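> Dumping the structure here so I can ask a few things about it.
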Amino acid sequence: MNHPFFSANLQNIFLVLWAICCNICIPGAAFSQDEMGIEFKDQGKLVKKLDFRDLATLTPIQSIKIVEVHEQSQQTYKAFPARNLLDKTFGKKWEAAEEIVFLSLDGYQASIPVAKFLSHDAYFAFAHDDHSPFTLTNRLQGNEIVPLGPLYLIWDNMKSKILLQEGASDMPYQIKSIELATFASQFPGLSPPVNSSAAVRRGFLHFRKYCMPCHTINGAGGNKGPELNYPISVVEYIRPEYLIRWIENPSGIRLNTRMPALTQKIPNRARISKEIVAYLKTMRQNKRKPANPNTDQ
């Protein structure tokens, strides 16, 4: 009999037995989010929508110990190997893509070059190894306790100086969508003019890595934080010297702010913050009305 009710329940029984045999705990949080599923897209087109049970049958589960930069400690997670999961969902074509864009439940939107996934080992965490609640205390944002599910992108950073210097950048949690994309088509309106100085072009690269996941420029970027350029640029109401201080140490200007400081271990940190402001000053002259302005901000 191929009745949906029996098929679903047989699959659940199989997964539970399989998890017990492998000494793996499948957390209740993952099952409570099961119906939402994770969307896998290619240039805006839906390729697959998979729930947690689907993911568990596609790729092996591993225990991964990392430096948890949000908590400034070491942590071990249960996780799916990223390359393996991307192979199973997109085939090998994902390796030829330019970017992978991760959209989170809280509006965070990280765009990470495919080259990074080919150079470093990444994983999609779904539970703590010790079966504790799948949350973390974000010391970078006022010790806020945040839920991490459905998926949390982590990197094998224990022996990587480069990954440790990057801090929490490229580590989105609450991932609900994974999309292959080209940066220019995904985020129009973010690039500075072609005749911009080298410092402004570098500032753009810094902005897209450290700022864009939370903030938009001309409507392009993440929606966790406010728009920074349209209709009034942030450099028009905050003096550049204070904006630099804000980027480097926001809590030193506004008590209890949730904005994290620019990662402390980044080389040339002071130059980076100045170049981000140089990029913002240039974009002040390049305002473009967002195609779909976010009315919630």
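Numbering starts fresh at 1 for the residues of each chain in the structure tokens, the chains themselves are lettered A, B, ... in the order given, and ligands are numbered from 1 as they appear.
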With a distance cut-off of 9 Å and only C-alpha atoms, select the neighbouring residues of segment 282-286 of chain A, excluding the residue or stretch itself and same-chain residues fewer than 5 positions from it, and output the selection as a list of chain:residue names.

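Using only C-alpha atoms, the neighbours found are A:Gly189, A:Leu190, A:Ser191, A:Pro192, A:Pro193, A:Ser196, A:Val200, A:Ile217, A:Asn218, A:Asn229, A:Tyr230, A:Ile232, A:Ser233, A:Val234, A:Val235, A:Glu236, A:Val277.
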
> Could you save the residues just selected, with N, CA and C atoms, as a PDB file, in the first residue's frame?


ATOM      1  N   GLY A 189      22.304  47.894  -7.876  1.00  0.00           N
ATOM      2  CA  GLY A 189      22.303  49.147  -7.126  1.00  0.00           C
ATOM      3  C   GLY A 189      23.334  49.230  -6.027  1.00  0.00           C
ATOM      4  N   LEU A 190      24.112  48.161  -5.822  1.00  0.00           N
ATOM      5  CA  LEU A 190      25.107  48.169  -4.764  1.00  0.00           C
ATOM      6  C   LEU A 190      26.492  48.592  -5.235  1.00  0.00           C
ATOM      7  N   SER A 191      26.798  48.359  -6.497  1.00  0.00           N
ATOM      8  CA  SER A 191      28.157  48.616  -6.983  1.00  0.00           C
ATOM      9  C   SER A 191      28.411  50.108  -7.150  1.00  0.00           C
ATOM     10  N   PRO A 192      29.612  50.574  -6.807  1.00  0.00           N
ATOM     11  CA  PRO A 192      29.954  51.986  -7.009  1.00  0.00           C
ATOM     12  C   PRO A 192      30.234  52.254  -8.484  1.00  0.00           C
ATOM     13  N   PRO A 193      30.310  53.510  -8.902  1.00  0.00           N
ATOM     14  CA  PRO A 193      30.617  53.836 -10.299  1.00  0.00           C
ATOM     15  C   PRO A 193      31.952  53.226 -10.730  1.00  0.00           C
ATOM     16  N   SER A 196      35.335  54.872  -9.797  1.00  0.00           N
ATOM     17  CA  SER A 196      35.601  55.116  -8.375  1.00  0.00           C
ATOM     18  C   SER A 196      37.056  54.819  -8.037  1.00  0.00           C
ATOM     19  N   VAL A 200      37.513  53.324  -2.616  1.00  0.00           N
ATOM     20  CA  VAL A 200      36.059  53.146  -2.672  1.00  0.00           C
ATOM     21  C   VAL A 200      35.711  51.732  -3.136  1.00  0.00           C
ATOM     22  N   ILE A 217      21.553  48.903   0.448  1.00  0.00           N
ATOM     23  CA  ILE A 217      21.920  50.121  -0.275  1.00  0.00           C
ATOM     24  C   ILE A 217      21.023  50.169  -1.500  1.00  0.00           C
ATOM     25  N   ASN A 218      20.238  51.220  -1.625  1.00  0.00           N
ATOM     26  CA  ASN A 218      19.270  51.327  -2.730  1.00  0.00           C
ATOM     27  C   ASN A 218      18.357  50.106  -2.790  1.00  0.00           C
ATOM     28  N   ASN A 229      21.126  54.227   2.237  1.00  0.00           N
ATOM     29  CA  ASN A 229      21.417  55.197   1.170  1.00  0.00           C
ATOM     30  C   ASN A 229      20.201  55.921   0.625  1.00  0.00           C
ATOM     31  N   TYR A 230      19.036  55.288   0.611  1.00  0.00           N
ATOM     32  CA  TYR A 230      17.859  55.890  -0.024  1.00  0.00           C
ATOM     33  C   TYR A 230      16.715  56.002   0.995  1.00  0.00           C
ATOM     34  N   ILE A 232      17.709  59.082   2.089  1.00  0.00           N
ATOM     35  CA  ILE A 232      18.761  59.912   2.671  1.00  0.00           C
ATOM     36  C   ILE A 232      19.916  58.998   3.084  1.00  0.00           C
ATOM     37  N   SER A 233      21.110  59.322   2.628  1.00  0.00           N
ATOM     38  CA  SER A 233      22.273  58.512   2.978  1.00  0.00           C
ATOM     39  C   SER A 233      22.646  58.699   4.445  1.00  0.00           C
ATOM     40  N   VAL A 234      23.169  57.627   5.021  1.00  0.00           N
ATOM     41  CA  VAL A 234      23.603  57.683   6.407  1.00  0.00           C
ATOM     42  C   VAL A 234      24.707  58.721   6.607  1.00  0.00           C
ATOM     43  N   VAL A 235      25.504  58.984   5.565  1.00  0.00           N
ATOM     44  CA  VAL A 235      26.586  59.976   5.702  1.00  0.00           C
ATOM     45  C   VAL A 235      26.044  61.397   5.657  1.00  0.00           C
ATOM     46  N   GLU A 236      24.767  61.564   5.357  1.00  0.00           N
ATOM     47  CA  GLU A 236      24.159  62.888   5.346  1.00  0.00           C
ATOM     48  C   GLU A 236      23.641  63.291   6.725  1.00  0.00           C
ATOM     49  N   VAL A 277      33.299  53.768   4.850  1.00  0.00           N
ATOM     50  CA  VAL A 277      32.690  55.097   4.857  1.00  0.00           C
ATOM     51  C   VAL A 277      32.946  55.805   3.526  1.00  0.00           C
TER      52      VAL A 277
END

> Contacts of Ser197 of chain A at 12 Å or less, counting only C-alpha atoms, minus same-chain residues fewer than 2 places along, as number ranges by chain?

A: 192-195, 199-204, 275, 278-279, 281-282

> Convert the current residue selection to file output with C-alpha atoms, as a JSON list (two decimals), in the first residue's frame.


[["chain", "number", "residue", "atom", "x", "y", "z"],
["A", 192, "PRO", "CA", 29.95, 51.99, -7.01],
["A", 193, "PRO", "CA", 30.62, 53.84, -10.30],
["A", 194, "VAL", "CA", 33.26, 52.25, -12.53],
["A", 195, "ASN", "CA", 35.52, 55.32, -12.20],
["A", 199, "ALA", "CA", 39.76, 52.91, -1.77],
["A", 200, "VAL", "CA", 36.06, 53.15, -2.67],
["A", 201, "ARG", "CA", 36.18, 49.87, -4.61],
["A", 202, "ARG", "CA", 37.82, 48.18, -1.63],
["A", 203, "GLY", "CA", 35.19, 49.76, 0.62],
["A", 204, "PHE", "CA", 32.49, 48.20, -1.54],
["A", 275, "GLU", "CA", 37.09, 52.58, 3.26],
["A", 278, "ALA", "CA", 34.41, 56.20, 1.61],
["A", 279, "TYR", "CA", 32.13, 53.78, -0.26],
["A", 281, "LYS", "CA", 30.04, 58.71, 0.69],
["A", 282, "THR", "CA", 30.34, 57.79, -2.98]]

> Check segment 27-268 of chain A with DSSP on the backbone and list each residue it calls strand (DSSP E), as an MDAnalysis selection string.

chainID A and resid 38:42 45:50 62:68 73:81 99:104 109:113 122:128 135:138 144:147 152:155 175:181 216:217 220:221

> At a cut-off of 6 Å, using only C-alpha atoms, what residues contact segment 168-175 of chain A? Leave out same-chain residues fewer than 2 positions from it and give the result as an NGL selection string.

:A and (69 or 103-105 or 148-154 or 166 or 177)

> With only C-alpha atoms as the counted atoms, please give the residues lying no more than 6 Å from segment 47-54 of chain A, apart from itself and same-chain residues fewer than 4 positions off, as a PyMOL selection string.

chain A and resi 34+37-41

> With only C-alpha atoms as the basis for distance, which of A:Gln141, A:Thr257, A:Ser63, A:Thr263 is at the shortest distance from Phe126 of chain A?

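Closest candidate: A:Ser63.
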
> My list of candidates is A:Ile162, A:Arg208, A:Ile244, A:Lys289. Which is closest to Ile266 of chain A when distances are computed with only C-alpha atoms?

A:Ile162
